[in-house]
Amino acid sequence: MTPFLTTVLASLPVLSAACARPADENVLQIRARELWVGDGQRLENALLVVADGRIRSVSTGRAPDVSLPLYEHDGVVTAGLIACQSESGAAGELYDDTRAVLAGAHTLDVFQPEHRDFERARAAGITTVVLSPGGENLVGGIACAVKTAGGRVLEPRSALALSFSGAALGRTNSAQFFFFGAAEDELQGPAEGGPEQPGRSARGTREPTSYSGAVATLQRLFASGAEPYASAERGQLPVTLDAWDRHEIVRAALFAREHGLRGAVRGAPLAGDPEVLSELKKSGLGVILGPWSAEQTRASLESLPRLSEAGLPVAFALDAPAHSPEDLRLFAARALSVGAPRDAVWKALTVDAAAIAGVGERVGRLAEGMQADFVLWSGDPLDLRSRAQKVYVDGVLAWSEPRPHR
Amino acid sequence: MNAMLLPLSLGVVCVLSPWLAAQEEDDWTISADMVYTAAGAPIEDGVVRVQDGKITAVGKGGGGSLEVAAITPGLIDLGVEIDTGLYSVEQSRESAASLSVADALDLFSFQWKRELTSGVTTVLAVPADYDVVGGLGVVLKTGGPATLEARLVRADAVLRGALGTQPSSGNNAPRFGDPANFYYRRPTTRMGVEWVFRKAFYDTIQGEGVTEPAIAADHDVLRRVLAGELTLSVAARATQDVRTAIYLKEEFKIPHMIIDDAVEAWREPELLVRSGASVVLPPFPADGRVDDGFVNDSYFVPLEAARMLHDLKVTFALSGHGSREVGTRLSDQAGLAQRGGLAFEDALAAVTLTPARMVGVDQRVGSLEVGKDADLVLWNGKPFEPTARVVGVLLNGRLVLDPRPASR
Amino acid sequence: MKNPKLPPAARALCAGVLLAVGHADGKLVIEAGRIVTQAGPDIENGRIVIENGRITALGKADEVEKPWDAVVLGGPKTVAFPGFIEAHTSQGMDRANENIDVAPFLDIRDSIDPVAYYFEDCLRYGITTVNVQQGANCVVGGRGMIVRPVGMTVEELTVRPLYGLKLSARPKNGKSRATQMQALRYAFDDLKHYLEDLVEKERDERGYAKREALFQGRDLEEEKAQGRAMGGTAWKVDGLDLIPRGALDEKFAPLLDLVEGRYAAFIHCADPLDVAHALEIARANGFLARTTLVIEEDCWKAADLIAEAGVPVVLEGALVDVRRDPVTGEEQETFVPGVLHDKGVRFALSSESPSTRAPAFQAALAIGRGLERAAALDAVTKVPAEILGLGAEVGTLEVGKLGNVALFNGDPLSVTSWVEHVVIEGKPVYDRSKDVRNKQLLEGVQPANTAPPSKVDAPDPEHADEAGKEGAQDEKKEDEKKEEKEEKKEEGGGKGGGR
């Protein structure tokens with residue numbers, strides 16, 4: 001007998017044993033003190049059963065299958081958080097200074113799943129991230145939704161990124177972006193007023209340099225019938241519209257309404273302003289708020305409850321790595337501090353964020369058939385004192401809290 | 001009222017603070033010691049009735065729900081200079097005639113409220129003067145819902161242009177090493193500015209084979225100017241710029257032109273009369289001098305400039321440039337014009353009916369006449385005198401500034 | 001209040017100067033459609049008689065005798081108003097401040113410029129008495145003076161020399177609030193230490209101070225040879241009576257005078273915090289009773305403090321403080337004189353206000369914003385007069401007071417009225433019909449001895465295609481442009497000295 005044959009024959013029992021292994025061995029059961037379904041239900045002493053990367057069942061009061069592995073978690077289990085608008089692993093790669101329109105750019109092309117940003121995202125309990133350009137280009141490209149572990153692309157064409165914000169026109173100074181909730185009429189000093197007077201000329205390397213030029217350009221692009229605009233107009237491709245000042249938000253909403261676009265406005269600190277809100281409602285757009293800064297005014301924090309009350313989907317923009325992924329729950333806490341309902345805030349982190357990202361059928365809730373992205377928290381995840389202890393993506397343990405050094 | 005308190009309820013975070021909250025009432029009868037209609041002799045012990053946003057009666061009478069010393073029509077400022085600055089005008093090309101400032105307005109700016117509470121109810125908004133031909137301007141109200149739909153009085157009211165030093169100020173002569181920057185271009189001087197103007201009109205008249213859609217759209221707009229369907233409003237401060245504007249008007253036979261910010265128009269009486277152009281005067285500076293702002297030069301406007309233009313029968317309006325300082329706003333300019341010898345009725349006209357006519361909105365605003373928009377300014381004394389001030393404003397029939405003491 | 005430190009010779013000089021302005025036997029009569037006396041009801045169809053610089057009669061025209069040899073000014077439509085009083089300005093001099101932080105030894109007499117445009121402007125607005133002080137870019141500035149805005153020499157200008165000492169709570173350029181306060185405190189600490197050292201040396205060695213002074217070449221005569229115990233209410237240095245006053249270092253002497261209450265103090269405040277600092281320094285060094293705060297508009301927020309301290313203020317800021325709330329972004333307007341009035345703070349308006357230079361216009365604006373008419377008019381007449389200690393001399397039109405009158409061609413509070421004539425101590429010093437600059441401002445009239453703009457031969461548009469004419473037209477355009485430039489240069493030169 002040849003050595004090869006010997007090896008084959010010797011390994012046969014191993015192989016057959018492997019084939020004989022029951023399919024149930026990659027099933028995971030987790031019993032938790034509390035489980036948040038995601039639709040508002042909170043189950044006590046709940047049992048979550050995960051198999052083949054999907055949620056097989058969520059129940060309470062049922063005994064686990066003793067033949068299968070069971071993990072007891074003395075804490076809260078929820079769906080993994082979803083961060084809209086992020087540049088994780090792609091910082092500085094998602095804008096272009098030479099052209100305003102980047103219709104053919106796909107953020108998928110800069111997806112580096114092994115990048116450390118994703119590990120940090122996982123540690124913060126984030127399981128899905130939408131890689132999306134900021135508003136520095138009039139047409140920023142096509143965003144994609146990806147998992148933070150395993151390198152899986154959840155949705156390669158999550159949205160078309162458009163920008164109605166001054167950033168696309170070369171308006172800079174992000175510090176002013178966040179002061180009193182909008183970039184509006186940056187304060188030159190306590191006594192000054194009026195729009196900024198930054199000098200004599202806008203950026204000279206790119207057109208358009210004006211809001212009117214931007215609108216004219218976008219109108220022309222959409223009128224041309226070319227892709228991806230045509231898909232957007234047919235409703236097949238959602239859009240995200242970067243807009244910060246109130247007049248920018250209104251302009252974006254009007255444009256969306258005119259072209260039948262669906263999707264969300266991004267930034268929009270004062271989206272809760274009644275006049276802005278009424279325009280947003282007419283347009284049917286959701287809102288990806290922020291990211292928020294430490295100086296965010298109360299008025300802008302209150303946008304979240306107002307938008308929820310009006311029935312519009314709301315999510316948070318993360319803008320990692322400029323912002324730490326931990327900030328996502330910080331934004332949530334700030335919203336709670338001004339009296340936003342817990343359910344609304346939780347939806348912004350999960351269900352609504354998934355809907356806005358176009359993946360609402362696949363992630364965001366713990367329900368049968370949904371993808372098994374979930375987090376084991378030490379306590380109430382909306383309480384900043386809680387921390388993520390284990391994070392699962394597609395049913396596989398993706399991150400575990402390191403043991404404390406002694 | 002303490003603006004620091006922000007109760008957690010809908011509708012309070014918005015721009016309109018409670019004391020400015022629009023009363024829901026649509027029906028007002030306002031009597032005054034003097035009603036200045038701007039459409040005839042003033043009415044002593046008069047009364048104005050408004051309903052559903054329009055003026056329904058003007059005449060003698062009393063017993064209104066509001067009583068004030070004087071009523072005038074809402075003031076109109078064609079040179080209010082409220083815009084989004086650099087982002088209101090497309091600088092990638094020096095002539096952007098087809099772009100409208102309507103797409104670049106910030107209706108949430110706090111400046112609107114300042115104008116409204118100073119009695120200015122209708123304004124002309126134009127792109128900033130960084131371009132030679134900046135684009136289309138619109139006439140809108142200074143209050144109401146913050147949507148263009150609600151505030152617009154007239155779209156495409158003027159085509160805006162600018163002569164002088166401002167449009168060329170950001171440009172430089174082409175140099176080695178920066179071909180990507182479009183500011184390395186003509187014009188860099190007054191001469192170049194005039195060239196851009198003439199080229200724009202000349203090309204339009206030639207009208208051959210323009211393929212680029214933006215330029216073609218620009219030409220359509222310029223054609224409308226040449227056909228008299230659209231008024232050209234051109235900023236020209238120095239005497240030489242005023243002359244240039246008029247020569248352009250005559251060369252291209254432009255039917256309707258407004259010379260805006262016309263500091264030194266008074267120096268060219270014959271040209272003005274001959275050309276038929278109308279004029280918007282700037283705010284009167286304390287020493288008569290207006291600095292160029294872009295080059296080391298200054299221009300002069302005497303206090304009597306308004307009276308001079310009036311005597312020449314040149315159509316003119318006053319403007320306030322959105323001034324923040326109390327004592328220099330549009331209503332104060334009407335007083336200063338009187339200081340320079342202009343009669344009260346003519347000063348009133350220069351801030352109401354005349355500017356309305358200049359931009360073609362006099363069917364709706366500019367005077368207290370039955371059927372016009374209910375834009376009223378209520379005063380506690382003789383209008384435009386420093387010892388009086390605006391105590392109440394109605395816009396589209398809504399009381400947006402309440403003269404009654406209890407609600408202040 | 002007279003400055004008792006002036007030797008008799010200087011006092012005589014001042015009196016002489018006062019007389020020198022009016023004609024020795026000059027009689028002037030003003031007949032006005034209305035006289036606003038600010039000391040009772042207005043007088044319709046009134047007459048004012050001014051002799052030897054003072055008002056000798058005032059009343060209805062048919063009740064007041066007109067001297068046959070008097071110059072008569074006025075007319076039926078005119079309104080006579082007391083000459084306005086500028087309670088504080090830093091205009092009209094070469095440079096408003098020195099670089100040195102503490103310079104109380106400076107005397108504005110050395111830098112005031114009688115032909116400064118500012119004094120000319122004062123006449124246009126009817127301002128007849130001006131308190132000129134050093135600028136606010138200092139810690140302790142020098143001494144100012146009260147002047148009349150007419151005259152070619154400093155002597156002719158002077159009404160009261162060596163009046164007022166300037167301090168600033170607003171940080172001098174380059175200083176922070178903390179270091180400004182430190183500097184202010186140290187200025188007085190240094191004074192105290194200096195005096196204590198001097199007394200100690202004198203005690204060790206009688207006659208030390210006098211010898212030092214003689215060694216420096218200073219003569220000690222009469223008053224200067226006398227010692228005097230330290231006055232003042234806040235702190236004292238014992239033994240100062242041992243030191244001849246003339247032996248005190250000139251750099252410190254004025255500061256000592258201030259502490260002893262011999263100078264009025266004008267303290268500049270830009271912010272409410274400055275107000276607290278200013279009052280602290282004044283209290284700690286005993287000159288609160290002679291302090292006037294010169295405030296900018298933001299200081300209305302400290303009105304309670306000011307009212308509590310009982311000091312008057314001069315409002316150099318805008319009448320209406322327009323500010324945006326940093327949280328809501330909304331614009332708020334605060335009518336500053338209204339706040340001061342409501343809190344019971346005595347205030348004078350100033351021609352330094354950016355709102356407008358004209359006191360009549362400021363008073364009118366203040367009335368428009370809701371201030372009582374009497375308070376508004378007082379703020380440009382009686383209150384500044386009292387602040388300057390001239391309440392007995394100016395501020396109202398009454399028999400016995402100085403004949404300082406501003407004659408308007410209509411209601412002073414109306415925007416269409418102009419100051420037509422100004423009379424200072426019975427002498428007509430301003431006539432608008434002869435005011436060339438005013439004519440230029442009004443009409444754009446070319447100043448004398450400059451080239452007028454040439455008549456423009458604009459191209460005839462009907463013949464614009466004719467090549468020949470075009471050439472000629474281009475030439476003409478060039479000529480026009482050249483003339484335009486020249487004309488501008490002339491104008492620029494004409495105005496050069498002004499601002």
# chains A, B, ... in the order shown; residues from 1 in each chain; ligands from 1

$ interface_residues --of "chain B" --to "chain A" --cutoff "6 Å" --atoms "only C-alpha atoms" --output "PDB file with C-alpha atoms, in the first residue's frame"
ATOM      1  CA  GLY B  11     -43.460  74.953  18.583  1.00  0.00           C
ATOM      2  CA  CYS B  14     -38.633  77.638  16.439  1.00  0.00           C
ATOM      3  CA  THR B  84     -26.033  83.112   2.357  1.00  0.00           C
ATOM      4  CA  TYR B  87     -22.848  80.206  -1.230  1.00  0.00           C
ATOM      5  CA  SER B  88     -25.575  82.318  -2.740  1.00  0.00           C
ATOM      6  CA  VAL B  89     -23.809  82.836  -6.045  1.00  0.00           C
ATOM      7  CA  GLU B  90     -22.131  80.359  -8.375  1.00  0.00           C
ATOM      8  CA  GLN B  91     -18.543  81.491  -8.704  1.00  0.00           C
ATOM      9  CA  SER B  92     -17.265  78.735 -10.952  1.00  0.00           C
ATOM     10  CA  LEU B  99     -29.258  80.299 -11.524  1.00  0.00           C
ATOM     11  CA  ASP B 103     -32.342  77.924  -4.345  1.00  0.00           C
ATOM     12  CA  ALA B 104     -29.840  79.584  -2.050  1.00  0.00           C
ATOM     13  CA  ASP B 106     -31.867  80.774   4.172  1.00  0.00           C
ATOM     14  CA  GLY B 170     -11.325  87.351  -5.883  1.00  0.00           C
ATOM     15  CA  ALA B 180      -7.030  73.781 -11.377  1.00  0.00           C
ATOM     16  CA  ASN B 181      -8.166  76.866  -9.541  1.00  0.00           C
ATOM     17  CA  PHE B 182     -10.797  78.674 -11.520  1.00  0.00           C
ATOM     18  CA  TYR B 183     -10.147  81.977  -9.797  1.00  0.00           C
TER      19      TYR B 183
END

$ interface_residues --of "chain C" --to "chain A" --cutoff "10 Å" --atoms "only C-alpha atoms" --output "list in words"
Asp321, Val322, Arg323, Arg324, Asp325, Pro326, Val327, Thr328, Gly329, Glu330 and Glu331 of chain C

$ interface_residues --of "chain B" --to "chain C" --cutoff "8 Å" --atoms "only C-alpha atoms" --output "JSON, numbers by chain"
{"B": [3, 4, 13, 15, 110, 114, 240, 247, 250, 251, 268, 271, 286, 287, 288, 300, 301, 302, 303, 304, 305, 324, 325, 326, 327, 335, 336, 338, 339, 340, 341, 385, 386, 387, 388, 389]}

$ write_last_selection --atoms "N, CA, C and O atoms" --output "CSV table (one decimal), in the first residue's frame"
chain,number,residue,atom,x,y,z
B,3,ALA,N,-35.7,84.6,27.2
B,3,ALA,CA,-35.5,83.7,26.1
B,3,ALA,C,-34.7,82.5,26.5
B,3,ALA,O,-34.5,81.5,25.8
B,4,MET,N,-34.2,82.5,27.8
B,4,MET,CA,-33.4,81.4,28.2
B,4,MET,C,-34.2,80.2,28.6
B,4,MET,O,-33.8,79.1,28.7
B,13,VAL,N,-39.3,75.9,20.1
B,13,VAL,CA,-37.9,76.0,19.7
B,13,VAL,C,-37.7,76.8,18.4
B,13,VAL,O,-36.6,77.2,18.1
B,15,VAL,N,-37.9,79.7,15.4
B,15,VAL,CA,-37.4,81.0,15.3
B,15,VAL,C,-38.3,82.1,16.0
B,15,VAL,O,-37.9,83.0,16.6
B,110,PHE,N,-31.9,84.7,11.2
B,110,PHE,CA,-32.5,85.6,12.2
B,110,PHE,C,-32.7,87.0,11.6
B,110,PHE,O,-33.4,87.9,12.2
B,114,ARG,N,-35.4,90.6,12.2
B,114,ARG,CA,-34.9,92.0,12.4
B,114,ARG,C,-35.6,93.0,11.5
B,114,ARG,O,-36.0,94.0,11.8
B,240,GLN,N,-18.0,106.2,-12.3
B,240,GLN,CA,-17.6,105.5,-13.5
B,240,GLN,C,-18.4,104.3,-13.8
B,240,GLN,O,-18.7,103.9,-14.9
B,247,TYR,N,-24.1,103.1,-20.2
B,247,TYR,CA,-23.7,102.9,-21.6
B,247,TYR,C,-24.0,101.5,-22.0
B,247,TYR,O,-24.4,101.3,-23.2
B,250,GLU,N,-27.6,101.4,-22.9
B,250,GLU,CA,-27.9,102.0,-24.2
B,250,GLU,C,-27.3,101.2,-25.4
B,250,GLU,O,-27.9,101.1,-26.4
B,251,GLU,N,-26.1,100.6,-25.2
B,251,GLU,CA,-25.5,99.9,-26.2
B,251,GLU,C,-26.4,98.7,-26.6
B,251,GLU,O,-26.6,98.3,-27.8
B,268,GLU,N,-24.3,112.0,-12.1
B,268,GLU,CA,-24.6,111.9,-13.5
B,268,GLU,C,-26.1,112.1,-13.9
B,268,GLU,O,-26.8,111.3,-14.4
B,271,LEU,N,-27.2,111.7,-17.7
B,271,LEU,CA,-27.2,110.3,-18.1
B,271,LEU,C,-28.4,109.5,-17.5
B,271,LEU,O,-29.0,108.7,-18.2
B,286,ALA,N,-22.7,108.6,7.7
B,286,ALA,CA,-22.6,109.8,8.6
B,286,ALA,C,-21.8,110.9,7.9
B,286,ALA,O,-22.2,112.1,8.0
B,287,ASP,N,-20.7,110.5,7.3
B,287,ASP,CA,-19.9,111.6,6.7
B,287,ASP,C,-20.0,111.5,5.2
B,287,ASP,O,-19.1,112.1,4.5
B,288,GLY,N,-20.9,110.9,4.7
B,288,GLY,CA,-21.2,110.9,3.2
B,288,GLY,C,-20.3,109.9,2.5
B,288,GLY,O,-20.5,109.6,1.3
B,300,PHE,N,-18.7,109.0,-2.6
B,300,PHE,CA,-19.4,110.0,-1.8
B,300,PHE,C,-20.9,110.1,-2.2
B,300,PHE,O,-21.2,110.2,-3.4
B,301,VAL,N,-21.8,110.1,-1.2
B,301,VAL,CA,-23.2,110.4,-1.5
B,301,VAL,C,-23.6,111.5,-0.5
B,301,VAL,O,-23.5,111.3,0.7
B,302,PRO,N,-24.1,112.6,-1.0
B,302,PRO,CA,-24.5,113.7,-0.2
B,302,PRO,C,-25.9,113.4,0.4
B,302,PRO,O,-26.7,112.6,-0.2
B,303,LEU,N,-26.3,114.0,1.4
B,303,LEU,CA,-27.6,113.8,2.0
B,303,LEU,C,-28.7,114.2,1.1
B,303,LEU,O,-29.8,113.7,1.2
B,304,GLU,N,-28.4,115.1,0.2
B,304,GLU,CA,-29.5,115.6,-0.7
B,304,GLU,C,-29.7,114.8,-1.9
B,304,GLU,O,-30.4,115.1,-2.8
B,305,ALA,N,-28.9,113.7,-2.0
B,305,ALA,CA,-29.0,112.9,-3.2
B,305,ALA,C,-30.4,112.4,-3.5
B,305,ALA,O,-30.8,112.4,-4.7
B,324,ARG,N,-27.9,96.5,11.2
B,324,ARG,CA,-28.2,96.1,12.6
B,324,ARG,C,-28.3,97.3,13.5
B,324,ARG,O,-29.1,97.3,14.5
B,325,GLU,N,-27.6,98.4,13.2
B,325,GLU,CA,-27.6,99.5,14.1
B,325,GLU,C,-28.9,100.3,14.1
B,325,GLU,O,-29.5,100.6,13.1
B,326,VAL,N,-29.4,100.5,15.3
B,326,VAL,CA,-30.6,101.3,15.4
B,326,VAL,C,-30.2,102.8,15.0
B,326,VAL,O,-29.3,103.3,15.5
B,327,GLY,N,-31.0,103.4,14.2
B,327,GLY,CA,-30.7,104.7,13.7
B,327,GLY,C,-30.3,104.7,12.3
B,327,GLY,O,-30.1,105.7,11.6
B,335,GLY,N,-36.0,109.0,7.0
B,335,GLY,CA,-35.8,110.3,7.8
B,335,GLY,C,-34.6,111.1,7.3
B,335,GLY,O,-34.7,112.3,7.2
B,336,LEU,N,-33.5,110.4,7.1
B,336,LEU,CA,-32.3,111.1,6.6
B,336,LEU,C,-32.5,111.7,5.2
B,336,LEU,O,-32.0,112.8,5.0
B,338,GLN,N,-35.2,113.0,4.2
B,338,GLN,CA,-35.9,114.2,4.5
B,338,GLN,C,-35.0,115.3,5.1
B,338,GLN,O,-35.1,116.4,4.8
B,339,ARG,N,-34.0,114.8,5.8
B,339,ARG,CA,-33.0,115.7,6.3
B,339,ARG,C,-32.3,116.4,5.2
B,339,ARG,O,-31.9,117.5,5.2
B,340,GLY,N,-32.2,115.6,4.1
B,340,GLY,CA,-31.5,116.1,2.9
B,340,GLY,C,-32.5,116.8,2.0
B,340,GLY,O,-32.2,117.1,0.8
B,341,GLY,N,-33.7,117.2,2.5
B,341,GLY,CA,-34.5,118.0,1.7
B,341,GLY,C,-35.7,117.3,1.0
B,341,GLY,O,-36.5,118.0,0.3
B,385,GLU,N,-39.5,109.7,11.9
B,385,GLU,CA,-38.8,110.6,12.8
B,385,GLU,C,-38.1,109.7,13.9
B,385,GLU,O,-38.7,108.7,14.3
B,386,PRO,N,-37.0,110.2,14.4
B,386,PRO,CA,-36.3,109.4,15.4
B,386,PRO,C,-37.1,109.3,16.7
B,386,PRO,O,-36.9,108.3,17.5
B,387,THR,N,-38.0,110.2,16.9
B,387,THR,CA,-38.7,110.2,18.2
B,387,THR,C,-39.9,109.2,18.1
B,387,THR,O,-40.7,109.1,19.1
B,388,ALA,N,-40.1,108.6,17.0
B,388,ALA,CA,-41.1,107.6,16.9
B,388,ALA,C,-40.5,106.3,16.5
B,388,ALA,O,-39.3,106.2,16.1
B,389,ARG,N,-41.2,105.2,16.6
B,389,ARG,CA,-40.6,103.9,16.2
B,389,ARG,C,-41.8,103.0,15.8
B,389,ARG,O,-43.0,103.2,16.0

$ residues_around --residues "Thr127 (chain A)" --least-positions-apart "6" --cutoff "6 Å" --atoms "only C-alpha atoms" --output "PyMOL selection string"
chain A and resi 80-81+147-148

$ residues_around --residues "region 160-173 of chain C" --least-positions-apart "6" --cutoff "7 Å" --atoms "only C-alpha atoms" --output "list in words"
Asp107, Gln133, Gln134, Ala136, Asn137, Cys138, Val139, Val140, Gly141, Gly142, Arg143, Gly144, Met145, Ile146, Val147, Gln180, Tyr263, Ala264, Ala265, Phe266, Ile267, His268, Cys269, Ala270, Asp274, His277 and Ala278 of chain C

$ residues_around --residues "Leu123 (chain C)" --least-positions-apart "2" --cutoff "12 Å" --atoms "only C-alpha atoms" --output "PyMOL selection string"
chain C and resi 83-86+116-121+125-130+148-151+351+357-359+404-407+418-424+428-432+435+438

$ write_last_selection --atoms "N, CA and C atoms" --output "short mmCIF file (atom, residue, chain, number, x, y, z; two decimals), in the first residue's frame"
data_model
loop_
_atom_site.label_atom_id
_atom_site.label_comp_id
_atom_site.auth_asym_id
_atom_site.auth_seq_id
_atom_site.Cartn_x
_atom_site.Cartn_y
_atom_site.Cartn_z
N GLY C 83 -26.73 124.95 24.97
CA GLY C 83 -25.63 124.26 24.30
C GLY C 83 -25.44 122.90 24.93
N PHE C 84 -25.24 121.89 24.08
CA PHE C 84 -25.08 120.53 24.61
C PHE C 84 -23.75 120.39 25.31
N ILE C 85 -23.72 119.47 26.23
CA ILE C 85 -22.49 119.26 27.01
C ILE C 85 -22.00 117.84 26.80
N GLU C 86 -20.78 117.74 26.37
CA GLU C 86 -20.17 116.45 26.16
C GLU C 86 -19.46 116.06 27.45
N ALA C 116 -8.51 120.41 15.63
CA ALA C 116 -8.95 119.05 15.30
C ALA C 116 -10.36 119.09 14.73
N TYR C 117 -10.60 118.20 13.79
CA TYR C 117 -11.91 118.13 13.15
C TYR C 117 -13.01 117.90 14.17
N TYR C 118 -12.68 117.21 15.23
CA TYR C 118 -13.70 116.88 16.23
C TYR C 118 -14.33 118.14 16.79
N PHE C 119 -13.53 119.16 17.08
CA PHE C 119 -14.11 120.36 17.69
C PHE C 119 -15.00 121.09 16.69
N GLU C 120 -14.59 121.03 15.43
CA GLU C 120 -15.44 121.61 14.39
C GLU C 120 -16.78 120.90 14.37
N ASP C 121 -16.71 119.58 14.46
CA ASP C 121 -17.93 118.79 14.44
C ASP C 121 -18.81 119.11 15.65
N TYR C 125 -22.98 120.12 15.88
CA TYR C 125 -24.03 119.45 16.64
C TYR C 125 -24.48 120.28 17.82
N GLY C 126 -23.92 121.47 17.96
CA GLY C 126 -24.38 122.32 19.04
C GLY C 126 -23.77 122.01 20.39
N ILE C 127 -22.65 121.32 20.38
CA ILE C 127 -21.98 121.01 21.64
C ILE C 127 -21.10 122.19 22.00
N THR C 128 -21.30 122.74 23.19
CA THR C 128 -20.59 123.96 23.56
C THR C 128 -19.61 123.77 24.71
N THR C 129 -19.69 122.64 25.38
CA THR C 129 -18.75 122.37 26.47
C THR C 129 -18.31 120.92 26.32
N VAL C 130 -17.01 120.72 26.40
CA VAL C 130 -16.50 119.37 26.16
C VAL C 130 -15.51 118.99 27.26
N ARG C 148 -14.03 124.62 25.65
CA ARG C 148 -15.09 125.02 24.72
C ARG C 148 -14.53 124.73 23.32
N PRO C 149 -15.35 124.23 22.41
CA PRO C 149 -14.82 123.80 21.11
C PRO C 149 -14.60 124.94 20.13
N VAL C 150 -13.96 126.00 20.59
CA VAL C 150 -13.71 127.11 19.67
C VAL C 150 -12.44 127.81 20.10
N GLY C 151 -11.67 128.22 19.15
CA GLY C 151 -10.41 128.89 19.49
C GLY C 151 -9.27 128.28 18.72
N SER C 351 -21.28 112.05 22.56
CA SER C 351 -21.07 112.08 21.11
C SER C 351 -20.13 110.97 20.67
N ARG C 357 -23.38 110.77 16.34
CA ARG C 357 -22.59 111.73 17.12
C ARG C 357 -23.46 112.84 17.68
N ALA C 358 -24.56 113.14 17.03
CA ALA C 358 -25.33 114.33 17.40
C ALA C 358 -26.14 114.08 18.66
N PRO C 359 -25.96 114.91 19.70
CA PRO C 359 -26.72 114.69 20.95
C PRO C 359 -28.21 114.83 20.75
N ASN C 404 -24.48 129.99 26.44
CA ASN C 404 -24.17 128.93 25.46
C ASN C 404 -25.47 128.42 24.88
N VAL C 405 -25.67 128.68 23.59
CA VAL C 405 -26.96 128.36 22.99
C VAL C 405 -26.75 127.67 21.65
N ALA C 406 -27.57 126.65 21.39
CA ALA C 406 -27.62 126.03 20.07
C ALA C 406 -28.95 126.42 19.44
N LEU C 407 -28.88 127.02 18.28
CA LEU C 407 -30.10 127.52 17.64
C LEU C 407 -30.45 126.61 16.47
N TRP C 418 -31.71 121.32 11.65
CA TRP C 418 -30.26 121.51 11.68
C TRP C 418 -29.91 122.54 12.73
N VAL C 419 -28.68 122.45 13.22
CA VAL C 419 -28.16 123.52 14.07
C VAL C 419 -27.75 124.64 13.12
N GLU C 420 -28.39 125.77 13.23
CA GLU C 420 -28.08 126.88 12.33
C GLU C 420 -27.02 127.79 12.90
N HIS C 421 -27.11 128.03 14.20
CA HIS C 421 -26.14 128.91 14.85
C HIS C 421 -25.76 128.32 16.19
N VAL C 422 -24.52 128.59 16.58
CA VAL C 422 -24.09 128.22 17.92
C VAL C 422 -23.47 129.46 18.55
N VAL C 423 -23.85 129.70 19.78
CA VAL C 423 -23.32 130.84 20.53
C VAL C 423 -22.62 130.28 21.75
N ILE C 424 -21.37 130.71 21.93
CA ILE C 424 -20.63 130.28 23.13
C ILE C 424 -20.26 131.52 23.91
N PRO C 428 -21.20 134.47 18.71
CA PRO C 428 -21.60 133.52 17.68
C PRO C 428 -20.35 132.83 17.12
N VAL C 429 -20.32 131.55 17.18
CA VAL C 429 -19.13 130.80 16.74
C VAL C 429 -19.40 129.85 15.59
N TYR C 430 -20.66 129.68 15.23
CA TYR C 430 -20.96 128.77 14.14
C TYR C 430 -22.18 129.26 13.38
N ASP C 431 -22.03 129.27 12.07
CA ASP C 431 -23.14 129.67 11.21
C ASP C 431 -23.20 128.64 10.08
N ARG C 432 -24.23 127.88 10.04
CA ARG C 432 -24.29 126.78 9.09
C ARG C 432 -24.24 127.25 7.65
N ASP C 435 -20.83 127.11 6.59
CA ASP C 435 -20.08 125.87 6.87
C ASP C 435 -19.86 125.09 5.57
N ASN C 438 -20.34 121.26 5.76
CA ASN C 438 -21.74 120.88 5.86
C ASN C 438 -22.40 120.96 4.50
#

$ select_by_dssp --residues "region 10-242 of chain B" --states "strand (DSSP E or B)" --output "MDAnalysis selection string"
chainID B and resid 27:35 43:51 54:60 66:73 75:77 95 100 120:125 133:141 152:162 172 184 231:235

$ residues_around --residues "Ala235 (chain B)" --least-positions-apart "3" --cutoff "10 Å" --atoms "only C-alpha atoms" --output "PyMOL selection string"
chain B and resi 79+129+132+160-164+166+232+238+241-242+245+258-263+279-280

$ closest_residue --among "A:Glu326, A:Gly358, A:Pro238, A:Ala332" --to "Gly125 (chain A)" --atoms "only C-alpha atoms"
A:Glu326

$ residues_around --residues "region 212-220 of chain C" --least-positions-apart "3" --cutoff "7 Å" --atoms "only C-alpha atoms" --output "number ranges by chain"
C: 208-209, 224-225, 246-247
